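Chemist: Structure supplied as protein.txt; contents: compact mmCIF, N, CA and C atoms.
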```txt
# COMPACT_ATOMS: atom_id res chain seq x y z
N MET A 1172 -77.94 8.61 47.56
CA MET A 1172 -76.99 7.56 47.23
C MET A 1172 -77.67 6.20 47.34
N THR A 1173 -77.50 5.38 46.31
CA THR A 1173 -78.09 4.05 46.28
C THR A 1173 -77.21 3.07 47.06
N THR A 1174 -77.82 2.31 47.92
CA THR A 1174 -77.09 1.29 48.66
C THR A 1174 -76.79 0.12 47.73
N GLN A 1175 -75.54 -0.25 47.67
CA GLN A 1175 -75.14 -1.36 46.81
C GLN A 1175 -75.29 -2.68 47.57
N LEU A 1176 -75.63 -3.72 46.85
CA LEU A 1176 -75.80 -5.04 47.44
C LEU A 1176 -74.45 -5.72 47.65
N SER A 1177 -74.37 -6.53 48.67
CA SER A 1177 -73.20 -7.39 48.86
C SER A 1177 -73.29 -8.52 47.83
N ASP A 1178 -72.18 -9.25 47.66
CA ASP A 1178 -72.20 -10.39 46.75
C ASP A 1178 -73.26 -11.40 47.17
N GLU A 1179 -73.39 -11.66 48.46
CA GLU A 1179 -74.39 -12.61 48.96
C GLU A 1179 -75.81 -12.13 48.63
N GLN A 1180 -76.04 -10.83 48.75
CA GLN A 1180 -77.36 -10.28 48.44
C GLN A 1180 -77.66 -10.37 46.94
N LYS A 1181 -76.66 -10.20 46.11
CA LYS A 1181 -76.86 -10.34 44.66
C LYS A 1181 -77.23 -11.79 44.33
N ILE A 1182 -76.54 -12.74 44.94
CA ILE A 1182 -76.87 -14.15 44.73
C ILE A 1182 -78.29 -14.44 45.20
N ALA A 1183 -78.67 -13.87 46.34
CA ALA A 1183 -80.05 -14.04 46.84
C ALA A 1183 -81.05 -13.46 45.85
N LYS A 1184 -80.74 -12.33 45.24
CA LYS A 1184 -81.63 -11.74 44.23
C LYS A 1184 -81.75 -12.66 43.02
N GLY A 1185 -80.66 -13.29 42.63
CA GLY A 1185 -80.71 -14.25 41.52
C GLY A 1185 -81.63 -15.41 41.84
N ARG A 1186 -81.55 -15.89 43.05
CA ARG A 1186 -82.43 -17.00 43.47
C ARG A 1186 -83.89 -16.53 43.57
N GLU A 1187 -84.10 -15.29 44.00
CA GLU A 1187 -85.45 -14.72 44.06
C GLU A 1187 -86.05 -14.63 42.65
N MET A 1188 -85.21 -14.27 41.68
CA MET A 1188 -85.67 -14.21 40.29
C MET A 1188 -86.09 -15.60 39.82
N ALA A 1189 -85.29 -16.62 40.12
CA ALA A 1189 -85.64 -17.98 39.71
C ALA A 1189 -86.97 -18.41 40.32
N ALA A 1190 -87.21 -18.02 41.56
CA ALA A 1190 -88.47 -18.36 42.23
C ALA A 1190 -89.65 -17.65 41.55
N ALA A 1191 -89.45 -16.41 41.12
CA ALA A 1191 -90.52 -15.67 40.43
C ALA A 1191 -90.85 -16.33 39.10
N TRP A 1192 -89.84 -16.80 38.38
CA TRP A 1192 -90.09 -17.51 37.12
C TRP A 1192 -90.84 -18.81 37.40
N LYS A 1193 -90.40 -19.55 38.41
CA LYS A 1193 -91.07 -20.83 38.73
C LYS A 1193 -92.54 -20.59 39.07
N ALA A 1194 -92.83 -19.47 39.74
CA ALA A 1194 -94.21 -19.13 40.11
C ALA A 1194 -94.98 -18.52 38.93
N LEU A 1195 -94.31 -18.35 37.80
CA LEU A 1195 -94.92 -17.71 36.62
C LEU A 1195 -95.45 -16.32 36.98
N ASP A 1196 -94.72 -15.64 37.85
CA ASP A 1196 -95.13 -14.31 38.35
C ASP A 1196 -94.40 -13.24 37.54
N TRP A 1197 -94.95 -12.93 36.38
CA TRP A 1197 -94.30 -12.00 35.45
C TRP A 1197 -94.22 -10.58 36.03
N ARG A 1198 -95.21 -10.20 36.82
CA ARG A 1198 -95.16 -8.88 37.46
C ARG A 1198 -93.96 -8.79 38.39
N LYS A 1199 -93.74 -9.84 39.19
CA LYS A 1199 -92.60 -9.88 40.11
C LYS A 1199 -91.29 -9.82 39.34
N VAL A 1200 -91.20 -10.58 38.26
CA VAL A 1200 -89.99 -10.57 37.43
C VAL A 1200 -89.70 -9.14 36.98
N ALA A 1201 -90.69 -8.48 36.41
CA ALA A 1201 -90.50 -7.12 35.90
C ALA A 1201 -90.19 -6.14 37.02
N ASP A 1202 -90.84 -6.29 38.16
CA ASP A 1202 -90.63 -5.36 39.27
C ASP A 1202 -89.25 -5.49 39.91
N MET A 1203 -88.52 -6.54 39.59
CA MET A 1203 -87.16 -6.68 40.09
C MET A 1203 -86.18 -5.82 39.28
N PHE A 1204 -86.66 -5.24 38.18
CA PHE A 1204 -85.83 -4.37 37.34
C PHE A 1204 -85.96 -2.92 37.79
N ALA A 1205 -84.89 -2.17 37.58
CA ALA A 1205 -84.93 -0.72 37.76
C ALA A 1205 -85.93 -0.15 36.75
N PRO A 1206 -86.48 1.03 37.01
CA PRO A 1206 -87.47 1.61 36.08
C PRO A 1206 -87.00 1.65 34.62
N HIS A 1207 -85.71 1.88 34.41
CA HIS A 1207 -85.17 1.90 33.05
C HIS A 1207 -84.23 0.73 32.81
N GLY A 1208 -84.48 -0.37 33.53
CA GLY A 1208 -83.66 -1.56 33.40
C GLY A 1208 -83.74 -2.16 32.01
N VAL A 1209 -82.74 -2.95 31.68
CA VAL A 1209 -82.62 -3.55 30.35
C VAL A 1209 -82.59 -5.06 30.47
N LEU A 1210 -83.42 -5.72 29.67
CA LEU A 1210 -83.37 -7.17 29.49
C LEU A 1210 -82.90 -7.42 28.08
N HIS A 1211 -81.75 -8.09 27.96
CA HIS A 1211 -81.18 -8.28 26.62
C HIS A 1211 -80.82 -9.73 26.39
N SER A 1212 -81.70 -10.44 25.69
CA SER A 1212 -81.34 -11.74 25.12
C SER A 1212 -80.44 -11.40 23.94
N MET A 1213 -79.20 -11.80 23.99
CA MET A 1213 -78.18 -11.23 23.12
C MET A 1213 -78.44 -11.42 21.63
N MET A 1214 -79.31 -12.33 21.25
CA MET A 1214 -79.54 -12.55 19.82
C MET A 1214 -80.75 -11.78 19.28
N VAL A 1215 -81.38 -10.97 20.13
CA VAL A 1215 -82.49 -10.11 19.70
C VAL A 1215 -82.28 -8.73 20.33
N GLU A 1216 -83.07 -7.78 19.88
CA GLU A 1216 -82.97 -6.42 20.40
C GLU A 1216 -83.30 -6.39 21.89
N PRO A 1217 -82.60 -5.56 22.65
CA PRO A 1217 -82.92 -5.45 24.08
C PRO A 1217 -84.25 -4.74 24.30
N VAL A 1218 -84.86 -5.01 25.43
CA VAL A 1218 -86.03 -4.25 25.85
C VAL A 1218 -85.61 -3.37 27.01
N VAL A 1219 -86.14 -2.16 27.02
CA VAL A 1219 -85.73 -1.18 28.03
C VAL A 1219 -86.95 -0.69 28.79
N GLY A 1220 -86.86 -0.74 30.09
CA GLY A 1220 -87.93 -0.26 30.95
C GLY A 1220 -88.72 -1.41 31.54
N ARG A 1221 -89.16 -1.19 32.76
CA ARG A 1221 -89.87 -2.23 33.52
C ARG A 1221 -91.09 -2.75 32.77
N GLU A 1222 -91.88 -1.87 32.17
CA GLU A 1222 -93.10 -2.33 31.48
C GLU A 1222 -92.77 -3.10 30.21
N ALA A 1223 -91.70 -2.70 29.52
CA ALA A 1223 -91.27 -3.45 28.34
C ALA A 1223 -90.78 -4.84 28.74
N VAL A 1224 -90.10 -4.93 29.88
CA VAL A 1224 -89.67 -6.23 30.40
C VAL A 1224 -90.89 -7.08 30.71
N PHE A 1225 -91.89 -6.47 31.36
CA PHE A 1225 -93.12 -7.21 31.68
C PHE A 1225 -93.77 -7.75 30.40
N LYS A 1226 -93.85 -6.92 29.38
CA LYS A 1226 -94.46 -7.34 28.12
C LYS A 1226 -93.69 -8.51 27.51
N ARG A 1227 -92.35 -8.45 27.55
CA ARG A 1227 -91.52 -9.52 26.98
C ARG A 1227 -91.70 -10.82 27.74
N VAL A 1228 -91.58 -10.78 29.07
CA VAL A 1228 -91.63 -12.04 29.82
C VAL A 1228 -93.04 -12.61 29.88
N SER A 1229 -94.04 -11.76 29.96
CA SER A 1229 -95.41 -12.30 29.96
C SER A 1229 -95.76 -12.85 28.59
N GLY A 1230 -95.20 -12.27 27.53
CA GLY A 1230 -95.39 -12.82 26.18
C GLY A 1230 -94.72 -14.18 26.04
N LEU A 1231 -93.55 -14.31 26.61
CA LEU A 1231 -92.86 -15.60 26.63
C LEU A 1231 -93.66 -16.61 27.42
N GLY A 1232 -94.32 -16.14 28.48
CA GLY A 1232 -95.10 -17.02 29.34
C GLY A 1232 -96.39 -17.52 28.73
N ASP A 1233 -96.77 -17.00 27.56
CA ASP A 1233 -98.00 -17.44 26.90
C ASP A 1233 -97.90 -18.93 26.56
N GLY A 1234 -98.73 -19.74 27.17
CA GLY A 1234 -98.72 -21.18 26.94
C GLY A 1234 -97.76 -21.94 27.84
N LEU A 1235 -96.99 -21.21 28.63
CA LEU A 1235 -96.03 -21.85 29.53
C LEU A 1235 -96.76 -22.44 30.72
N GLU A 1236 -96.62 -23.75 30.91
CA GLU A 1236 -97.27 -24.43 32.03
C GLU A 1236 -96.38 -24.47 33.25
N SER A 1237 -95.06 -24.59 33.03
CA SER A 1237 -94.12 -24.58 34.14
C SER A 1237 -92.74 -24.23 33.61
N ILE A 1238 -91.93 -23.68 34.50
CA ILE A 1238 -90.53 -23.42 34.16
C ILE A 1238 -89.72 -23.43 35.45
N THR A 1239 -88.56 -24.05 35.37
CA THR A 1239 -87.62 -24.07 36.48
C THR A 1239 -86.28 -23.63 35.95
N LEU A 1240 -85.72 -22.59 36.56
CA LEU A 1240 -84.38 -22.14 36.25
C LEU A 1240 -83.45 -22.85 37.23
N SER A 1241 -82.85 -23.94 36.78
CA SER A 1241 -81.98 -24.74 37.64
C SER A 1241 -80.57 -24.17 37.56
N TYR A 1242 -80.10 -23.63 38.69
CA TYR A 1242 -78.78 -23.02 38.72
C TYR A 1242 -77.71 -24.09 38.86
N LEU A 1243 -76.76 -24.09 37.93
CA LEU A 1243 -75.64 -25.01 37.95
C LEU A 1243 -74.46 -24.37 38.67
N HIS A 1244 -74.22 -23.09 38.37
CA HIS A 1244 -73.15 -22.31 39.00
C HIS A 1244 -73.64 -20.87 39.13
N ILE A 1245 -73.32 -20.24 40.25
CA ILE A 1245 -73.73 -18.87 40.48
C ILE A 1245 -72.63 -18.19 41.30
N GLY A 1246 -72.28 -16.98 40.88
CA GLY A 1246 -71.25 -16.26 41.61
C GLY A 1246 -71.14 -14.83 41.13
N VAL A 1247 -70.42 -14.04 41.90
CA VAL A 1247 -70.22 -12.64 41.58
C VAL A 1247 -68.75 -12.42 41.25
N ILE A 1248 -68.50 -11.79 40.11
CA ILE A 1248 -67.16 -11.43 39.68
C ILE A 1248 -67.19 -9.94 39.35
N ASP A 1249 -66.28 -9.19 39.94
CA ASP A 1249 -66.20 -7.74 39.69
C ASP A 1249 -67.54 -7.05 39.89
N GLY A 1250 -68.31 -7.50 40.87
CA GLY A 1250 -69.58 -6.88 41.20
C GLY A 1250 -70.75 -7.31 40.33
N ILE A 1251 -70.53 -8.20 39.38
CA ILE A 1251 -71.57 -8.64 38.44
C ILE A 1251 -71.93 -10.09 38.75
N LEU A 1252 -73.25 -10.39 38.76
CA LEU A 1252 -73.74 -11.73 39.05
C LEU A 1252 -73.77 -12.56 37.77
N TYR A 1253 -73.13 -13.72 37.83
CA TYR A 1253 -73.11 -14.66 36.71
C TYR A 1253 -73.83 -15.93 37.14
N ILE A 1254 -74.74 -16.41 36.26
CA ILE A 1254 -75.51 -17.61 36.57
C ILE A 1254 -75.49 -18.54 35.36
N GLU A 1255 -74.91 -19.72 35.54
CA GLU A 1255 -75.02 -20.76 34.53
C GLU A 1255 -76.18 -21.63 34.96
N ARG A 1256 -77.11 -21.88 34.04
CA ARG A 1256 -78.30 -22.61 34.45
C ARG A 1256 -78.84 -23.46 33.30
N LEU A 1257 -79.77 -24.32 33.68
CA LEU A 1257 -80.54 -25.10 32.72
C LEU A 1257 -81.99 -24.73 32.95
N ASP A 1258 -82.61 -24.12 31.95
CA ASP A 1258 -84.03 -23.77 32.03
C ASP A 1258 -84.83 -24.96 31.52
N GLU A 1259 -85.66 -25.52 32.40
CA GLU A 1259 -86.49 -26.67 32.06
C GLU A 1259 -87.94 -26.22 32.10
N PHE A 1260 -88.70 -26.53 31.06
CA PHE A 1260 -90.04 -25.98 30.94
C PHE A 1260 -91.00 -26.96 30.28
N VAL A 1261 -92.28 -26.67 30.49
CA VAL A 1261 -93.36 -27.33 29.76
C VAL A 1261 -94.19 -26.21 29.16
N ILE A 1262 -94.33 -26.25 27.84
CA ILE A 1262 -95.10 -25.23 27.13
C ILE A 1262 -96.06 -25.94 26.18
N ARG A 1263 -97.35 -25.67 26.35
CA ARG A 1263 -98.40 -26.30 25.56
C ARG A 1263 -98.23 -27.83 25.53
N GLY A 1264 -97.93 -28.42 26.70
CA GLY A 1264 -97.81 -29.86 26.82
C GLY A 1264 -96.48 -30.44 26.38
N ARG A 1265 -95.59 -29.60 25.89
CA ARG A 1265 -94.29 -30.07 25.38
C ARG A 1265 -93.19 -29.71 26.38
N SER A 1266 -92.43 -30.72 26.79
CA SER A 1266 -91.30 -30.51 27.70
C SER A 1266 -90.06 -30.15 26.90
N GLY A 1267 -89.25 -29.27 27.48
CA GLY A 1267 -88.00 -28.89 26.83
C GLY A 1267 -87.04 -28.29 27.83
N SER A 1268 -85.84 -28.04 27.35
CA SER A 1268 -84.85 -27.40 28.19
C SER A 1268 -83.85 -26.66 27.31
N ALA A 1269 -83.17 -25.70 27.94
CA ALA A 1269 -82.15 -24.94 27.23
C ALA A 1269 -81.08 -24.50 28.23
N PRO A 1270 -79.79 -24.70 27.88
CA PRO A 1270 -78.72 -24.17 28.72
C PRO A 1270 -78.59 -22.67 28.48
N VAL A 1271 -78.37 -21.93 29.57
CA VAL A 1271 -78.34 -20.46 29.52
C VAL A 1271 -77.27 -19.94 30.46
N VAL A 1272 -76.68 -18.82 30.10
CA VAL A 1272 -75.86 -18.05 31.03
C VAL A 1272 -76.50 -16.67 31.14
N GLY A 1273 -76.80 -16.26 32.37
CA GLY A 1273 -77.36 -14.95 32.64
C GLY A 1273 -76.32 -14.10 33.36
N VAL A 1274 -76.25 -12.83 32.98
CA VAL A 1274 -75.31 -11.88 33.56
C VAL A 1274 -76.12 -10.69 34.04
N LEU A 1275 -76.09 -10.43 35.34
CA LEU A 1275 -76.94 -9.38 35.92
C LEU A 1275 -76.10 -8.30 36.59
N GLU A 1276 -76.41 -7.06 36.21
CA GLU A 1276 -75.81 -5.89 36.84
C GLU A 1276 -76.91 -5.22 37.66
N PHE A 1277 -76.54 -4.73 38.84
CA PHE A 1277 -77.52 -4.15 39.75
C PHE A 1277 -77.31 -2.65 39.94
N ASP A 1278 -78.42 -1.98 40.20
CA ASP A 1278 -78.43 -0.60 40.66
C ASP A 1278 -79.13 -0.64 42.00
N GLY A 1279 -78.36 -0.71 43.07
CA GLY A 1279 -78.95 -0.96 44.38
C GLY A 1279 -79.58 -2.33 44.36
N PRO A 1280 -80.82 -2.45 44.86
CA PRO A 1280 -81.46 -3.76 44.92
C PRO A 1280 -82.15 -4.18 43.62
N LEU A 1281 -82.12 -3.32 42.61
CA LEU A 1281 -82.83 -3.58 41.35
C LEU A 1281 -81.86 -3.93 40.23
N ILE A 1282 -82.37 -4.70 39.26
CA ILE A 1282 -81.55 -5.11 38.12
C ILE A 1282 -81.46 -3.95 37.14
N LYS A 1283 -80.23 -3.57 36.83
CA LYS A 1283 -79.99 -2.50 35.85
C LYS A 1283 -79.93 -3.10 34.45
N VAL A 1284 -79.20 -4.21 34.30
CA VAL A 1284 -79.05 -4.89 33.02
C VAL A 1284 -79.00 -6.39 33.27
N TRP A 1285 -79.78 -7.14 32.48
CA TRP A 1285 -79.74 -8.60 32.52
C TRP A 1285 -79.49 -9.08 31.10
N ARG A 1286 -78.31 -9.65 30.89
CA ARG A 1286 -77.96 -10.20 29.58
C ARG A 1286 -78.10 -11.71 29.63
N GLU A 1287 -78.72 -12.27 28.59
CA GLU A 1287 -78.93 -13.71 28.49
C GLU A 1287 -78.20 -14.24 27.26
N TYR A 1288 -77.44 -15.31 27.47
CA TYR A 1288 -76.70 -15.96 26.39
C TYR A 1288 -77.18 -17.39 26.27
N TYR A 1289 -77.74 -17.74 25.11
CA TYR A 1289 -78.20 -19.09 24.83
C TYR A 1289 -78.36 -19.25 23.34
N ASP A 1290 -78.53 -20.48 22.91
CA ASP A 1290 -78.74 -20.78 21.49
C ASP A 1290 -80.22 -20.60 21.19
N ARG A 1291 -80.56 -19.53 20.51
CA ARG A 1291 -81.96 -19.19 20.25
C ARG A 1291 -82.66 -20.28 19.43
N ALA A 1292 -81.99 -20.81 18.41
CA ALA A 1292 -82.60 -21.86 17.58
C ALA A 1292 -82.90 -23.10 18.42
N HIS A 1293 -81.99 -23.45 19.33
CA HIS A 1293 -82.22 -24.60 20.23
C HIS A 1293 -83.44 -24.34 21.10
N LEU A 1294 -83.54 -23.14 21.67
CA LEU A 1294 -84.68 -22.81 22.53
C LEU A 1294 -86.00 -22.89 21.77
N LEU A 1295 -86.05 -22.28 20.60
CA LEU A 1295 -87.30 -22.29 19.81
C LEU A 1295 -87.71 -23.71 19.45
N LYS A 1296 -86.74 -24.54 19.07
CA LYS A 1296 -87.03 -25.94 18.75
C LYS A 1296 -87.54 -26.67 19.99
N ALA A 1297 -86.89 -26.43 21.15
CA ALA A 1297 -87.31 -27.08 22.39
C ALA A 1297 -88.72 -26.65 22.79
N MET A 1298 -89.09 -25.42 22.42
CA MET A 1298 -90.41 -24.90 22.74
C MET A 1298 -91.45 -25.35 21.70
N GLY A 1299 -91.00 -25.98 20.61
CA GLY A 1299 -91.91 -26.42 19.57
C GLY A 1299 -92.44 -25.26 18.72
N LEU A 1300 -91.65 -24.18 18.65
CA LEU A 1300 -92.09 -23.00 17.91
C LEU A 1300 -91.43 -22.92 16.54
N ILE A 1301 -92.20 -22.47 15.59
CA ILE A 1301 -91.68 -22.19 14.26
C ILE A 1301 -91.34 -20.70 14.18
N GLU A 1302 -92.25 -19.87 14.72
CA GLU A 1302 -92.05 -18.42 14.73
C GLU A 1302 -91.46 -18.03 16.08
N ASP A 1303 -90.54 -17.09 16.05
CA ASP A 1303 -89.90 -16.59 17.27
C ASP A 1303 -90.93 -15.89 18.13
N PHE A 1304 -91.03 -16.26 19.40
CA PHE A 1304 -91.99 -15.63 20.31
C PHE A 1304 -91.73 -14.15 20.46
N ASP A 1305 -90.50 -13.70 20.23
CA ASP A 1305 -90.15 -12.29 20.36
C ASP A 1305 -90.92 -11.44 19.36
N SER A 1306 -91.22 -11.98 18.19
CA SER A 1306 -91.92 -11.20 17.18
C SER A 1306 -93.34 -10.84 17.62
N LYS A 1307 -93.88 -11.58 18.58
CA LYS A 1307 -95.24 -11.32 19.08
C LYS A 1307 -95.27 -10.21 20.12
N THR A 1308 -94.09 -9.87 20.68
CA THR A 1308 -94.08 -8.91 21.78
C THR A 1308 -93.57 -7.54 21.34
N ARG A 1309 -93.36 -7.33 20.07
CA ARG A 1309 -92.88 -6.02 19.59
C ARG A 1309 -94.02 -5.13 19.24
```
Taking this structure as input, can you express it in the form of structure tokens?
Modeler:
Amino acid sequence: MTTQLSDEQKIAKGREMAAAWKALDWRKVADMFAPHGVLHSMMVEPVVGREAVFKRVSGLGDGLESITLSYLHIGVIDGILYIERLDEFVIRGRSGSAPVVGVLEFDGPLIKVWREYYDRAHLLKAMGLIEDFDSKTR
């Protein structure tokens, strides 16, 4: 039987994830997922499995000089962690930001599903990209 996290522990895991992104520690980000965990930016196909998550986030990290996931609101509703945040980053010398809502479901201490809701066109423009970075990680 898997031990379920308390609401406070889920919030702590969300903050731990933000710290891993700030450290640009893609291995840590991926290792926070269950072996068959899902990362789903809602406007693109989901990636399934810890190694696929690693490939996606490390691909996103290509050229990323810094990123801070600034939490505006964080809480647990019906056992699910909701995080409203502003992602602020510098990529290839260009500063940008994007508002995001992340929704995380847990299987014990690991992330089972992480859904991300944001305006993809806004993010790509803020990153100074013409081509979607997702196309490089498939």
Chemist: To one decimal place, how far is atom C of A:Val1247 from atom C of A:Ser1212 in Å?
Modeler: 20.9 Å
Chemist: So how many Å separate atom N of A:Gln1180 and atom C of A:Tyr1289, to one decimal?
Modeler: 26.9 Å
Chemist: Out of A:Leu1281, A:Gly1246, A:Asp1290, A:Ala1190, which residue has the shortest atom-to-atom distance to A:Arg1221 when counting only C-alpha atoms?
Modeler: A:Leu1281
Chemist: If we count only N, CA and C atoms and set the cut-off at 8 Å, which residues sit around A:Val1274, ignoring sequence neighbours fewer than 3 positions away in its own chain? Please answer as a list in words.
Modeler: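 The contact residues come out as Ile1251, Leu1252, Tyr1253, Ile1254, Glu1255, Val1271, Phe1277, Val1284, Trp1285, Arg1286, Glu1287 and Tyr1288 of chain A.
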Chemist: Assuming 4 Å of padding per side, give the centre and edge lengths of the axis-aligned box around every listed atom of stretch 1261-1264 of chain A, in Å to one decimal and as JSON.
Modeler:
```
{"center_x": -95.3, "center_y": -27.8, "center_z": 28.0, "size_x": 14.1, "size_y": 13.2, "size_z": 13.0}
```
Chemist: In terms of the shortest atom-to-atom distance over all atoms listed in the file, which of A:Ala1297, A:Ile1282, A:Ala1201, A:Leu1257 is closest to A:Glu1222?
Modeler: A:Ala1201
Chemist: Just the number, please: distance in Å from atom N of A:Asp1278 to atom N of A:Thr1239, one decimal.
Modeler: 24.8 Å
Chemist: Pick out each residue of chain A that DSSP on the backbone tags as alpha helix (DSSP H); I need them as a ChimeraX atom specification.
Modeler: /A:1178-1193,1197-1202,1221-1231,1291-1298
Chemist: Once DSSP has gone over the backbone, tell me which residues of stretch 1230-1286 of chain A are in strand (DSSP E), as a PyMOL selection string.
Modeler: chain A and resi 1235-1248+1251-1262+1265-1278+1281-1286
Chemist: Go ahead and dump the residues you just picked, N, CA and C atoms, as a short mmCIF file (atom, residue, chain, number, x, y, z; two decimals), keeping the file's coordinate frame.
Modeler:
```cif
data_model
loop_
_atom_site.label_atom_id
_atom_site.label_comp_id
_atom_site.auth_asym_id
_atom_site.auth_seq_id
_atom_site.Cartn_x
_atom_site.Cartn_y
_atom_site.Cartn_z
N LEU A 1235 -96.99 -21.21 28.63
CA LEU A 1235 -96.03 -21.85 29.53
C LEU A 1235 -96.76 -22.44 30.72
N GLU A 1236 -96.62 -23.75 30.91
CA GLU A 1236 -97.27 -24.43 32.03
C GLU A 1236 -96.38 -24.47 33.25
N SER A 1237 -95.06 -24.59 33.03
CA SER A 1237 -94.12 -24.58 34.14
C SER A 1237 -92.74 -24.23 33.61
N ILE A 1238 -91.93 -23.68 34.50
CA ILE A 1238 -90.53 -23.42 34.16
C ILE A 1238 -89.72 -23.43 35.45
N THR A 1239 -88.56 -24.05 35.37
CA THR A 1239 -87.62 -24.07 36.48
C THR A 1239 -86.28 -23.63 35.95
N LEU A 1240 -85.72 -22.59 36.56
CA LEU A 1240 -84.38 -22.14 36.25
C LEU A 1240 -83.45 -22.85 37.23
N SER A 1241 -82.85 -23.94 36.78
CA SER A 1241 -81.98 -24.74 37.64
C SER A 1241 -80.57 -24.17 37.56
N TYR A 1242 -80.10 -23.63 38.69
CA TYR A 1242 -78.78 -23.02 38.72
C TYR A 1242 -77.71 -24.09 38.86
N LEU A 1243 -76.76 -24.09 37.93
CA LEU A 1243 -75.64 -25.01 37.95
C LEU A 1243 -74.46 -24.37 38.67
N HIS A 1244 -74.22 -23.09 38.37
CA HIS A 1244 -73.15 -22.31 39.00
C HIS A 1244 -73.64 -20.87 39.13
N ILE A 1245 -73.32 -20.24 40.25
CA ILE A 1245 -73.73 -18.87 40.48
C ILE A 1245 -72.63 -18.19 41.30
N GLY A 1246 -72.28 -16.98 40.88
CA GLY A 1246 -71.25 -16.26 41.61
C GLY A 1246 -71.14 -14.83 41.13
N VAL A 1247 -70.42 -14.04 41.90
CA VAL A 1247 -70.22 -12.64 41.58
C VAL A 1247 -68.75 -12.42 41.25
N ILE A 1248 -68.50 -11.79 40.11
CA ILE A 1248 -67.16 -11.43 39.68
C ILE A 1248 -67.19 -9.94 39.35
N ILE A 1251 -70.53 -8.20 39.38
CA ILE A 1251 -71.57 -8.64 38.44
C ILE A 1251 -71.93 -10.09 38.75
N LEU A 1252 -73.25 -10.39 38.76
CA LEU A 1252 -73.74 -11.73 39.05
C LEU A 1252 -73.77 -12.56 37.77
N TYR A 1253 -73.13 -13.72 37.83
CA TYR A 1253 -73.11 -14.66 36.71
C TYR A 1253 -73.83 -15.93 37.14
N ILE A 1254 -74.74 -16.41 36.26
CA ILE A 1254 -75.51 -17.61 36.57
C ILE A 1254 -75.49 -18.54 35.36
N GLU A 1255 -74.91 -19.72 35.54
CA GLU A 1255 -75.02 -20.76 34.53
C GLU A 1255 -76.18 -21.63 34.96
N ARG A 1256 -77.11 -21.88 34.04
CA ARG A 1256 -78.30 -22.61 34.45
C ARG A 1256 -78.84 -23.46 33.30
N LEU A 1257 -79.77 -24.32 33.68
CA LEU A 1257 -80.54 -25.10 32.72
C LEU A 1257 -81.99 -24.73 32.95
N ASP A 1258 -82.61 -24.12 31.95
CA ASP A 1258 -84.03 -23.77 32.03
C ASP A 1258 -84.83 -24.96 31.52
N GLU A 1259 -85.66 -25.52 32.40
CA GLU A 1259 -86.49 -26.67 32.06
C GLU A 1259 -87.94 -26.22 32.10
N PHE A 1260 -88.70 -26.53 31.06
CA PHE A 1260 -90.04 -25.98 30.94
C PHE A 1260 -91.00 -26.96 30.28
N VAL A 1261 -92.28 -26.67 30.49
CA VAL A 1261 -93.36 -27.33 29.76
C VAL A 1261 -94.19 -26.21 29.16
N ILE A 1262 -94.33 -26.25 27.84
CA ILE A 1262 -95.10 -25.23 27.13
C ILE A 1262 -96.06 -25.94 26.18
N ARG A 1265 -95.59 -29.60 25.89
CA ARG A 1265 -94.29 -30.07 25.38
C ARG A 1265 -93.19 -29.71 26.38
N SER A 1266 -92.43 -30.72 26.79
CA SER A 1266 -91.30 -30.51 27.70
C SER A 1266 -90.06 -30.15 26.90
N GLY A 1267 -89.25 -29.27 27.48
CA GLY A 1267 -88.00 -28.89 26.83
C GLY A 1267 -87.04 -28.29 27.83
N SER A 1268 -85.84 -28.04 27.35
CA SER A 1268 -84.85 -27.40 28.19
C SER A 1268 -83.85 -26.66 27.31
N ALA A 1269 -83.17 -25.70 27.94
CA ALA A 1269 -82.15 -24.94 27.23
C ALA A 1269 -81.08 -24.50 28.23
N PRO A 1270 -79.79 -24.70 27.88
CA PRO A 1270 -78.72 -24.17 28.72
C PRO A 1270 -78.59 -22.67 28.48
N VAL A 1271 -78.37 -21.93 29.57
CA VAL A 1271 -78.34 -20.46 29.52
C VAL A 1271 -77.27 -19.94 30.46
N VAL A 1272 -76.68 -18.82 30.10
CA VAL A 1272 -75.86 -18.05 31.03
C VAL A 1272 -76.50 -16.67 31.14
N GLY A 1273 -76.80 -16.26 32.37
CA GLY A 1273 -77.36 -14.95 32.64
C GLY A 1273 -76.32 -14.10 33.36
N VAL A 1274 -76.25 -12.83 32.98
CA VAL A 1274 -75.31 -11.88 33.56
C VAL A 1274 -76.12 -10.69 34.04
N LEU A 1275 -76.09 -10.43 35.34
CA LEU A 1275 -76.94 -9.38 35.92
C LEU A 1275 -76.10 -8.30 36.59
N GLU A 1276 -76.41 -7.06 36.21
CA GLU A 1276 -75.81 -5.89 36.84
C GLU A 1276 -76.91 -5.22 37.66
N PHE A 1277 -76.54 -4.73 38.84
CA PHE A 1277 -77.52 -4.15 39.75
C PHE A 1277 -77.31 -2.65 39.94
N ASP A 1278 -78.42 -1.98 40.20
CA ASP A 1278 -78.43 -0.60 40.66
C ASP A 1278 -79.13 -0.64 42.00
N LEU A 1281 -82.12 -3.32 42.61
CA LEU A 1281 -82.83 -3.58 41.35
C LEU A 1281 -81.86 -3.93 40.23
N ILE A 1282 -82.37 -4.70 39.26
CA ILE A 1282 -81.55 -5.11 38.12
C ILE A 1282 -81.46 -3.95 37.14
N LYS A 1283 -80.23 -3.57 36.83
CA LYS A 1283 -79.99 -2.50 35.85
C LYS A 1283 -79.93 -3.10 34.45
N VAL A 1284 -79.20 -4.21 34.30
CA VAL A 1284 -79.05 -4.89 33.02
C VAL A 1284 -79.00 -6.39 33.27
N TRP A 1285 -79.78 -7.14 32.48
CA TRP A 1285 -79.74 -8.60 32.52
C TRP A 1285 -79.49 -9.08 31.10
N ARG A 1286 -78.31 -9.65 30.89
CA ARG A 1286 -77.96 -10.20 29.58
C ARG A 1286 -78.10 -11.71 29.63
#
```
